[in-house]
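Asks: The structure file entry-v3.tsv (TSV, C-alpha atoms) is provided below.
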chain	number	residue	atom	x	y	z
V	27	MET	CA	67.38	-46.47	-79.65
V	28	ALA	CA	67.08	-42.91	-78.44
V	29	LEU	CA	64.06	-42.12	-76.31
V	30	SER	CA	62.51	-38.69	-75.96
V	31	PHE	CA	60.29	-37.64	-73.11
V	32	VAL	CA	57.80	-34.77	-72.94
V	33	MET	CA	56.68	-33.43	-69.61
V	34	PRO	CA	52.84	-33.69	-69.55
V	35	GLY	CA	52.46	-30.38	-67.72
V	36	PHE	CA	54.68	-28.55	-70.21
V	37	LEU	CA	52.76	-29.93	-73.18
V	38	ALA	CA	49.43	-28.95	-71.63
V	39	GLY	CA	50.66	-25.42	-70.97
V	40	CYS	CA	51.76	-24.97	-74.58
V	41	SER	CA	48.57	-26.37	-76.11
V	42	ASN	CA	46.04	-24.84	-73.71
V	43	PRO	CA	44.76	-21.60	-75.38
V	44	LYS	CA	43.51	-20.34	-72.00
V	45	ALA	CA	46.90	-20.53	-70.30
V	46	ALA	CA	48.54	-17.24	-69.30
V	47	ASN	CA	51.62	-17.32	-71.51
V	48	GLU	CA	53.39	-15.31	-74.19
V	49	GLN	CA	52.17	-17.45	-77.07
V	50	ASN	CA	48.48	-17.05	-76.20
V	51	PHE	CA	48.81	-13.34	-75.42
V	52	THR	CA	50.60	-12.73	-78.73
V	53	ARG	CA	47.79	-14.47	-80.60
V	54	ALA	CA	45.20	-12.31	-78.82
V	55	LEU	CA	47.11	-9.07	-79.47
V	56	GLU	CA	47.81	-9.60	-83.19
V	57	PRO	CA	44.32	-8.51	-84.39
V	58	LEU	CA	44.57	-5.50	-82.05
V	59	VAL	CA	47.73	-4.16	-83.67
V	60	ALA	CA	47.13	-5.31	-87.27
V	61	ASP	CA	45.55	-1.97	-88.25
V	62	ARG	CA	47.74	0.21	-86.03
V	63	PHE	CA	49.38	1.76	-89.12
V	64	CYS	CA	46.10	2.31	-90.97
V	65	HIS	CA	44.35	5.67	-91.29
V	66	THR	CA	40.75	6.30	-92.24
V	67	ILE	CA	40.15	8.48	-95.28
V	68	ASP	CA	37.44	11.04	-94.67
V	69	ALA	CA	35.93	12.48	-97.87
V	70	ASP	CA	32.56	13.14	-99.49
V	71	TRP	CA	32.28	9.49	-100.53
V	72	MET	CA	29.43	8.42	-102.78
V	73	THR	CA	27.47	5.17	-102.70
V	74	THR	CA	25.09	3.40	-105.03
V	75	SER	CA	23.26	1.79	-102.10
V	76	PRO	CA	19.62	2.97	-101.87
V	77	GLN	CA	19.44	2.17	-98.15
V	78	GLN	CA	19.12	5.42	-96.26
V	79	GLY	CA	20.22	3.91	-92.95
V	80	ALA	CA	23.37	2.27	-94.27
V	81	ASP	CA	26.51	3.54	-95.94
V	82	GLY	CA	26.78	0.60	-98.30
V	83	PRO	CA	30.07	-1.09	-99.27
V	84	VAL	CA	33.25	0.76	-98.34
V	85	LEU	CA	35.01	-0.25	-101.57
V	86	PRO	CA	35.41	0.73	-104.32
V	87	LEU	CA	36.02	4.38	-103.44
V	88	MET	CA	33.66	6.68	-105.32
V	89	LEU	CA	33.77	10.48	-105.61
V	90	ARG	CA	31.77	12.95	-107.64
V	91	ALA	CA	33.41	13.62	-110.98
V	92	ASP	CA	32.33	17.25	-110.56
V	93	PRO	CA	33.18	18.30	-106.96
V	94	SER	CA	31.43	21.65	-107.45
V	95	ALA	CA	28.13	19.78	-107.61
V	96	ARG	CA	28.30	19.60	-103.81
V	97	SER	CA	28.94	22.80	-101.92
V	98	GLY	CA	31.55	22.81	-99.17
V	99	ILE	CA	34.15	20.77	-101.03
V	100	GLY	CA	37.49	22.14	-99.85
V	101	ASP	CA	41.20	21.47	-99.79
V	102	ARG	CA	40.73	18.16	-97.95
V	103	ASP	CA	38.87	16.44	-100.76
V	104	ALA	CA	41.18	18.00	-103.36
V	105	ALA	CA	44.20	16.53	-101.56
V	106	ILE	CA	42.49	13.12	-101.35
V	107	ARG	CA	41.74	13.17	-105.08
V	108	THR	CA	45.39	13.96	-105.79
V	109	MET	CA	46.53	11.12	-103.53
V	110	LEU	CA	44.13	8.61	-105.14
V	111	ASP	CA	45.18	9.69	-108.65
V	112	GLY	CA	48.81	9.19	-107.63
V	113	ALA	CA	48.03	5.71	-106.29
V	114	ALA	CA	46.27	4.88	-109.56
V	115	HIS	CA	49.34	6.05	-111.48
V	116	ASP	CA	51.48	3.74	-109.30
V	117	GLY	CA	49.25	0.74	-110.02
V	118	LEU	CA	47.61	0.47	-106.60
V	119	LEU	CA	44.17	1.55	-107.84
V	120	THR	CA	42.26	1.45	-111.09
V	121	ARG	CA	40.56	4.73	-112.02
V	122	THR	CA	37.35	4.67	-114.07
V	123	THR	CA	34.45	7.04	-114.66
V	124	THR	CA	30.77	6.22	-114.84
V	125	THR	CA	27.34	7.78	-114.46
V	126	VAL	CA	24.93	5.83	-112.25
V	127	PRO	CA	22.22	6.51	-109.63
V	128	ALA	CA	24.16	7.44	-106.49
V	129	ARG	CA	23.99	9.49	-103.30
V	130	SER	CA	26.39	10.84	-100.72
V	131	GLN	CA	27.18	8.45	-97.88
V	132	HIS	CA	26.96	11.35	-95.43
V	133	TYR	CA	23.40	12.40	-96.24
V	134	ALA	CA	20.01	10.68	-96.25
V	135	GLU	CA	18.99	11.47	-99.80
V	136	ALA	CA	17.51	9.66	-102.77
V	137	LEU	CA	19.62	8.17	-105.52
V	138	ALA	CA	20.10	10.42	-108.53
V	139	PRO	CA	22.10	10.00	-111.77
V	140	THR	CA	25.60	11.18	-110.87
V	141	ALA	CA	28.91	11.28	-112.72
V	142	LEU	CA	31.44	9.43	-110.58
V	143	VAL	CA	35.14	8.68	-110.48
V	144	VAL	CA	35.61	5.14	-109.17
V	145	TYR	CA	38.86	3.95	-107.55
V	146	ALA	CA	39.15	0.17	-107.05
V	147	PRO	CA	42.17	-1.52	-105.41
V	148	THR	CA	44.31	-3.66	-107.70
V	149	ALA	CA	45.89	-6.89	-106.50
V	150	ALA	CA	48.92	-4.84	-105.43
V	151	GLY	CA	46.75	-2.23	-103.70
V	152	LYS	CA	44.39	-4.43	-101.67
V	153	ALA	CA	46.67	-4.38	-98.64
V	154	VAL	CA	47.01	-0.58	-98.85
V	155	PHE	CA	43.45	0.52	-99.62
V	156	ARG	CA	40.96	-1.52	-97.62
V	157	ALA	CA	38.21	-1.30	-95.06
V	158	VAL	CA	39.39	-0.35	-91.56
V	159	GLU	CA	37.18	-0.88	-88.52
V	160	ARG	CA	36.75	2.06	-86.17
V	161	GLU	CA	34.16	3.12	-83.59
V	162	ASN	CA	31.36	5.28	-84.95
V	163	ALA	CA	29.48	8.04	-83.10
V	164	ASN	CA	27.43	5.35	-81.33
V	165	HIS	CA	30.62	3.63	-80.08
V	166	ARG	CA	30.00	0.63	-82.31
V	167	PRO	CA	32.56	-0.86	-84.72
V	168	GLN	CA	32.02	0.23	-88.31
V	169	PRO	CA	34.12	-0.18	-91.47
V	170	TYR	CA	35.57	2.97	-93.03
V	171	PRO	CA	37.74	3.51	-96.13
V	172	GLY	CA	41.31	3.09	-94.97
V	173	LEU	CA	44.87	3.73	-96.11
V	174	CYS	CA	47.23	1.15	-94.59
V	175	LEU	CA	50.91	2.04	-94.71
V	176	GLY	CA	51.99	-1.24	-93.13
V	177	ARG	CA	50.82	-4.24	-91.12
V	178	GLY	CA	51.19	-4.04	-87.37
V	179	ARG	CA	52.87	-7.03	-85.73
V	180	VAL	CA	53.57	-8.01	-82.12
V	181	ASP	CA	57.33	-8.16	-81.60
V	182	GLN	CA	57.43	-9.12	-77.94
V	183	VAL	CA	55.24	-9.64	-74.91
V	184	VAL	CA	57.21	-7.81	-72.23
V	185	ARG	CA	55.25	-8.66	-69.08
V	186	TRP	CA	51.78	-9.28	-67.73
V	187	THR	CA	49.98	-9.10	-64.43
V	188	GLU	CA	48.73	-12.17	-62.60
V	189	PRO	CA	45.26	-12.97	-64.00
V	190	ALA	CA	42.61	-11.83	-61.52
V	191	GLU	CA	38.83	-11.73	-61.22
V	192	MET	CA	37.21	-8.39	-62.02
V	193	LEU	CA	33.45	-7.89	-62.45
V	194	GLY	CA	32.95	-11.58	-63.02
V	195	ARG	CA	35.74	-11.87	-65.60
V	196	THR	CA	39.33	-13.05	-65.47
V	197	VAL	CA	41.59	-10.28	-66.79
V	198	THR	CA	45.26	-9.44	-67.10
V	199	GLN	CA	47.22	-6.34	-68.12
V	200	VAL	CA	49.72	-7.21	-70.86
V	201	THR	CA	52.56	-4.90	-71.88
V	202	TYR	CA	53.95	-5.57	-75.35
V	203	ARG	CA	56.04	-4.10	-78.15
V	204	TYR	CA	54.88	-3.79	-81.74
V	205	SER	CA	56.17	-2.42	-85.05
V	206	ALA	CA	55.26	-2.26	-88.74
V	207	ALA	CA	55.87	-5.01	-91.28
V	208	ASP	CA	55.06	-5.22	-94.99
V	209	ILE	CA	55.48	-1.45	-95.32
V	210	SER	CA	53.86	-0.05	-98.45
V	211	ALA	CA	56.03	1.24	-101.28
V	212	ILE	CA	54.21	4.60	-101.05
V	213	VAL	CA	55.83	5.31	-97.66
V	214	PRO	CA	58.77	7.75	-98.04
V	215	PRO	CA	62.19	6.37	-97.00
V	216	ASN	CA	62.49	8.85	-94.11
V	217	LEU	CA	59.30	7.47	-92.53
V	218	ARG	CA	60.16	3.78	-92.84
V	219	VAL	CA	62.68	3.64	-90.00
V	220	PRO	CA	60.32	5.17	-87.40
V	221	MET	CA	57.63	2.65	-88.42
V	222	THR	CA	59.96	-0.30	-87.84
V	223	GLU	CA	61.12	0.91	-84.42
V	224	PRO	CA	59.30	-1.08	-81.69
V	225	LYS	CA	56.73	0.87	-79.69
V	226	GLU	CA	55.45	-0.17	-76.28
V	227	ALA	CA	51.78	-0.37	-75.31
V	228	THR	CA	49.56	-2.04	-72.72
V	229	ALA	CA	46.25	-3.83	-73.27
V	230	THR	CA	43.72	-5.55	-71.04
V	231	LEU	CA	42.99	-9.14	-72.05
V	232	THR	CA	39.98	-11.15	-70.90
V	233	LYS	CA	39.84	-14.92	-70.60
V	234	THR	CA	36.90	-16.35	-72.54
V	235	SER	CA	35.55	-19.89	-72.68
V	236	ASP	CA	37.99	-20.61	-75.50
V	237	ASP	CA	41.01	-18.31	-75.24
V	238	TRP	CA	42.20	-14.76	-74.42
V	239	GLN	CA	40.68	-11.73	-76.16
V	240	PRO	CA	41.17	-7.94	-75.92
V	241	ALA	CA	38.71	-6.44	-73.43
V	242	LYS	CA	35.84	-4.49	-74.97
Could you rewrite the structure in this file as structure tokens?
Replies:
Amino acid sequence: MALSFVMPGFLAGCSNPKAANEQNFTRALEPLVADRFCHTIDADWMTTSPQQGADGPVLPLMLRADPSARSGIGDRDAAIRTMLDGAAHDGLLTRTTTTVPARSQHYAEALAPTALVVYAPTAAGKAVFRAVERENANHRPQPYPGLCLGRGRVDQVVRWTEPAEMLGRTVTQVTYRYSAADISAIVPPNLRVPMTEPKEATATLTKTSDDWQPAK
């Protein structure tokens, strides 16, 4: 009979989520890089939410059917409309029109009957058009409409500093490499190679009561 032995210390190090090792650091970094290839889409988005202090749901994406109804609409929104129409043609979005009480997300105004063009992600487009979290003007995380060209992944944890106490917390500086996976079909071939080439970055991780997390 063959016997196998497992060193108790080795097993504890692998299973302990608070240990300073590559496995735990990779797990902590993955959410940090997941949206690294996403871009927020800034436009004169509309919402059907009556709440003046909130922007309402990010999706579906809604624009005025008649851009001239709002002054100041320029080349930016025209380019976004062209991009969204192209994505709808490629099956990533559904494009419908409706007239409902709505208001601009960027202004505190009452709802009014408005003709809208509504773009909703299809099953194939949910990974491309989705909410992306970014800091707002108050330095708080907030979801914005996003265009994700790929999913960021951690390729390698290169090195890390010895965990040390700082301001009552245990922290470490972790250097890692990341690249894009699941690249969207809308990305031109000449841009795919640069996205898959590993890029190096450094992040500060903090030990919590349960595991390691990116410092805030």
Asks: Please list as a PyMOL selection string every residue within 9 Å of V:Val154, counting all atoms listed in the file and excluding residues in the same chain fewer than 4 positions away.
Replies: chain V and resi 64+118+147+150+172-176+210
Asks: Pick from V:Glu159, V:Asp92, V:Glu191, V:Asp111: nearest to V:Ala141, with only C-alpha atoms counted?
Replies: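 With only C-alpha atoms as the atom set, the closest residue is V:Asp92.
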Asks: Contacts of V:Asp181 at 10 Å or less, counting all atoms listed in the file, minus same-chain residues fewer than 2 places along, as a list of chain:residue names?
Replies: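 Answer for this query is V:Thr52, V:Glu56, V:Gly178, V:Arg179, V:Val183, V:Val184, V:Tyr202, V:Arg203, V:Tyr204, V:Ser205, V:Ala206, V:Pro224, V:Lys225, V:Glu226.
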Asks: Please measure the separation of atom CA of V:Leu231 and atom CA of V:Phe63, giving the value in Å to one decimal.
Replies: 21.2 Å
Asks: Identify, on the basis of all atoms listed in the file, every residue whose closest approach to V:Asp236 does not exceed 7 Å; exclude the query and any residue fewer than 2 positions from it along the same chain; express the result as a list of chain:residue names.
Replies: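 Residues near the query, excluding close chain neighbours: V:Pro43, V:Lys44, V:Thr234.
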Asks: For each of V:Ile106, V:Ala190, V:Val180, V:Met221, take the minimum atom-to-atom distance to V:Leu58, counting all atoms listed in the file, then give the residue where this is smallest.
Replies: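 Using all atoms listed in the file, V:Leu58 sits closest to V:Val180.
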Asks: Could you write out as JSON the box around stretch 133-140 of chain V (axis-aligned, all atoms listed in the file, 8 Å on each side), with centre and edge lengths in Å to one decimal?
Replies:
{"center_x": 21.6, "center_y": 10.3, "center_z": -104.0, "size_x": 24.1, "size_y": 20.2, "size_z": 31.5}
Asks: Hey, can you check how far atom CA of V:Tyr170 sits from atom CA of V:Val143?
Replies: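 Computing the Euclidean distance for atom CA of V:Tyr170 and atom CA of V:Val143 yields 18.4 Å.
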Asks: Work out how far apart atom CA of V:Ala207 and atom CA of V:Thr222 are and give it in Å to one decimal.
Replies: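 For atom CA of V:Ala207 relative to atom CA of V:Thr222, the distance reads 7.1 Å.
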Asks: Let me make sure I understand: among V:Arg166, V:Arg156, V:Lys242, V:Lys233, which one has the smallest atom-to-atom distance to V:His65 if we use only C-alpha atoms?
Replies: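 The answer is V:Arg156, which sits nearest to V:His65.
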Asks: For V:Thr140, which of V:Met109, V:Asp116, V:Asp103, V:Leu89 is the closest residue, counting all atoms listed in the file?
Replies: V:Leu89
Asks: Can you list, as an NGL selection string, every protein, DNA or RNA residue that comes within 6 Å of stretch 121-134 of chain V when you count all atoms listed in the file, leaving out same-chain residues fewer than 2 positions away?
Replies: :V and (71-74 or 78 or 81 or 137-145)
